[in-house]
Each structure stands twice: as C-alpha cells, then as structure tokens.
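Trainee: Pasting in a structure now, in structure tokens, and then I'll have a few things to ask.
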Amino acid sequence: MTVIARLHERIARAVPEWPLALLLRAGVAAPFFLSGRTKVDGLLTLSPSTRYLFAEEYRVPLLPPETAALMATYAEHLLPVLLVLGLATRPAALGLLVMALVIQLFVVPGGWPTHLLWAGPLIYLIARGPGAASLDRLLKLD
C-alpha cells in the first residue's frame, strides 16, 4: 500500500460519516429555509412581493404563478426542517434537488455555481442517506 493510500485510509477512519452527513444536511438546508422566510409575512402567509415575483419574473412553466409560489414557499420551509432532523432525508433532499434544477433552468440560469454547491450535498444525501445522527436511523427508516 502506498503512502498516499495509507494517508487516505487514516483520514477516512478519522472522520466518521455521521458528522459529515449532519453537516451537509444542515449546510444545504440553511439557504433554502432562509429563502423561504423571505417569501412570507408572519408564519406562512405569502408576501405581496412573492406573489409579484412569481407572476412577473420567475414564471415557472406549467404552473400558475400562485401555485408555484405556494409550492416553492412551503417546500423551502418543510424540506429543510426534514433534512436537519434527518427525517425522510432522501425524499427531502430529492425535493430540494428538483427545486434547485427548476431554479437553474427557469429562474436564474446564470446561478449554476451556487446551484452546484447545493446539488453536491443533496446528491450525497440521496445516495448515502442521513447518517447515524438522524431520525431516519433512530426510527429505522433508512
């Protein structure tokens, strides 16, 4: 075994998966949740500016602006909470990945560097799951 291979093996043993998965879950949840909070007045009432943006600027195809605004806002509140808790992690991560793809394709096509930063952790969580520090693991759902 080469020196580099031994070094890689030591690093892999020194960093367990659960803190990495927890960090990825919390890190990718934050921007989505904070974005969701900018779309509402109070707890979950769509703000007038959100209604305007979805009607005039975001224009997601196939969905009426009001429906798109509600779906995006509720998803940005619910899915990040599920990720942080590690509950229904893979479906929550998939939902946020789909949202990132819609944003990339229809809303901010030039935002690909940021969207890649979101996609990386989300794809990891879809593929590998939430890790040991999660409700999914505690409830034996993963």
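Order determines the names: the first chain of the structure tokens is A, the second B, and so forth; residues in each chain are numbered 1 upward, and ligands are numbered 1 upward as they are shown.
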Can you tell me, as JSON, numbers by chain, what residues are no more than 8 Å from range 29-34 of chain A when counting only C-alpha atoms, ignoring any on the same chain fewer than 6 positions away?
Mentor: {"A": [76, 77, 79, 80, 81, 83, 84]}
Trainee: Please identify which residues in chain A DSSP calls strand (DSSP E or B) from the backbone, and express them as JSON, numbers by chain.
Mentor: {"A": [40, 41, 45, 46]}
Trainee: Mind writing the picked residues with C-alpha atoms as a short mmCIF file (atom, residue, chain, number, x, y, z; two decimals), in the first residue's frame?
Mentor:
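Heads up, here's the output in result08.cif:
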```
data_model
loop_
_atom_site.label_atom_id
_atom_site.label_comp_id
_atom_site.auth_asym_id
_atom_site.auth_seq_id
_atom_site.Cartn_x
_atom_site.Cartn_y
_atom_site.Cartn_z
CA VAL A 40 -43.65 35.19 3.73
CA ASP A 41 -45.20 37.65 6.11
CA THR A 45 -48.58 33.98 4.52
CA LEU A 46 -47.21 34.74 1.05
#
```
Trainee: Would you mind listing what lies within 8 Å of Arg51 in chain A as a ChimeraX atom specification, with only C-alpha atoms counted and same-chain residues fewer than 6 positions away left out?
Mentor: /A:65-66,69
Trainee: Excluding Tyr124 in chain A and any residue of its chain fewer than 2 positions from it, enumerate the residues within 12 Å of it, using only C-alpha atoms, and give them as a list of chain:residue names.
Mentor: A:Glu17, A:Leu20, A:Ala21, A:Leu22, A:Leu23, A:Leu24, A:Arg25, A:Val28, A:Thr89, A:Arg90, A:Ala93, A:Leu94, A:Leu97, A:Leu117, A:Trp118, A:Ala119, A:Gly120, A:Pro121, A:Leu122, A:Ile126, A:Ala127, A:Arg128, A:Gly129, A:Pro130, A:Gly131
Trainee: Using C-alpha atoms, can you write the selected residues to a file as a short mmCIF file (atom, residue, chain, number, x, y, z; two decimals), in the first residue's frame?
Mentor:
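So the final result, stored in part_13.cif, reads:
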```cif
data_model
loop_
_atom_site.label_atom_id
_atom_site.label_comp_id
_atom_site.auth_asym_id
_atom_site.auth_seq_id
_atom_site.Cartn_x
_atom_site.Cartn_y
_atom_site.Cartn_z
CA GLU A 17 -19.78 9.51 8.28
CA LEU A 20 -20.24 14.74 7.68
CA ALA A 21 -23.85 13.85 6.82
CA LEU A 22 -25.14 16.09 9.63
CA LEU A 23 -23.00 18.99 8.41
CA LEU A 24 -24.20 18.51 4.82
CA ARG A 25 -27.84 18.29 5.94
CA VAL A 28 -27.69 22.75 2.47
CA THR A 89 -33.95 12.62 4.30
CA ARG A 90 -33.68 11.10 0.84
CA ALA A 93 -33.07 16.03 -0.50
CA LEU A 94 -34.61 14.92 -3.80
CA LEU A 97 -32.59 18.99 -5.78
CA LEU A 117 -22.94 23.96 -4.30
CA TRP A 118 -26.48 22.89 -3.42
CA ALA A 119 -26.53 19.86 -5.73
CA GLY A 120 -23.37 18.27 -4.29
CA PRO A 121 -24.62 17.77 -0.72
CA LEU A 122 -28.13 16.92 -1.92
CA ILE A 126 -29.81 10.98 -1.71
CA ALA A 127 -27.09 8.41 -2.42
CA ARG A 128 -25.73 7.80 1.08
CA GLY A 129 -28.58 8.75 3.38
CA PRO A 130 -28.70 10.89 6.52
CA GLY A 131 -26.04 9.18 8.63
#
```
Trainee: For Leu138 in chain A, list every protein, DNA or RNA residue within 12 Å, evaluated using only C-alpha atoms, and leave out those in the same chain fewer than 6 positions away; present the list as a list in words.
Mentor: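 Neighbouring residues, sequence-local ones excluded: Leu85, Gly86, Leu87, Ala88, Pro130, Gly131 and Ala132 of chain A.
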Trainee: Separation of CA of Met99 in chain A and CA of Ser47 in chain A, in Å?
Mentor: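 Computing the Euclidean distance for CA of Met99 in chain A and CA of Ser47 in chain A yields 19.9 Å.
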Trainee: Which residues come within 8 Å of Lys39 in chain A, counting only C-alpha atoms, excluding same-chain residues fewer than 3 positions away, as a ChimeraX atom specification?
Mentor: /A:35-36,46-47,49-50,73
Trainee: Keeping N, CA and C atoms for every residue in the selection just given, could you write it to a file as a PDB file, in the first residue's frame?
Mentor:
```
ATOM      1  N   SER A  35     -34.323  31.358   2.358  1.00  0.00           N
ATOM      2  CA  SER A  35     -35.024  31.856   1.180  1.00  0.00           C
ATOM      3  C   SER A  35     -36.532  31.783   1.382  1.00  0.00           C
ATOM      4  N   GLY A  36     -36.990  30.695   1.960  1.00  0.00           N
ATOM      5  CA  GLY A  36     -38.417  30.552   2.242  1.00  0.00           C
ATOM      6  C   GLY A  36     -38.920  31.638   3.184  1.00  0.00           C
ATOM      7  N   LEU A  46     -48.012  34.213   2.164  1.00  0.00           N
ATOM      8  CA  LEU A  46     -47.213  34.741   1.046  1.00  0.00           C
ATOM      9  C   LEU A  46     -47.205  36.262   1.074  1.00  0.00           C
ATOM     10  N   SER A  47     -46.036  36.836   0.913  1.00  0.00           N
ATOM     11  CA  SER A  47     -45.933  38.291   0.883  1.00  0.00           C
ATOM     12  C   SER A  47     -46.346  38.802  -0.499  1.00  0.00           C
ATOM     13  N   SER A  49     -44.714  40.788  -2.349  1.00  0.00           N
ATOM     14  CA  SER A  49     -43.549  40.760  -3.247  1.00  0.00           C
ATOM     15  C   SER A  49     -43.327  39.360  -3.820  1.00  0.00           C
ATOM     16  N   THR A  50     -43.628  38.329  -3.047  1.00  0.00           N
ATOM     17  CA  THR A  50     -43.504  36.961  -3.553  1.00  0.00           C
ATOM     18  C   THR A  50     -44.516  36.717  -4.667  1.00  0.00           C
ATOM     19  N   THR A  73     -42.625  28.086  -1.611  1.00  0.00           N
ATOM     20  CA  THR A  73     -42.534  28.616  -0.250  1.00  0.00           C
ATOM     21  C   THR A  73     -42.701  27.516   0.786  1.00  0.00           C
TER      22      THR A  73
END
```
Trainee: Report, in Å with one decimal, the straight-line distance from CA of Gly42 in chain A to CA of Leu96 in chain A.
Mentor: 23.0 Å
Trainee: Excluding Val60 in chain A and any residue of its chain fewer than 2 positions from it, enumerate the residues within 12 Å of it, using only C-alpha atoms, and give them as a ChimeraX atom specification.
Mentor: /A:53-58,62-69,71-72,99,101-108
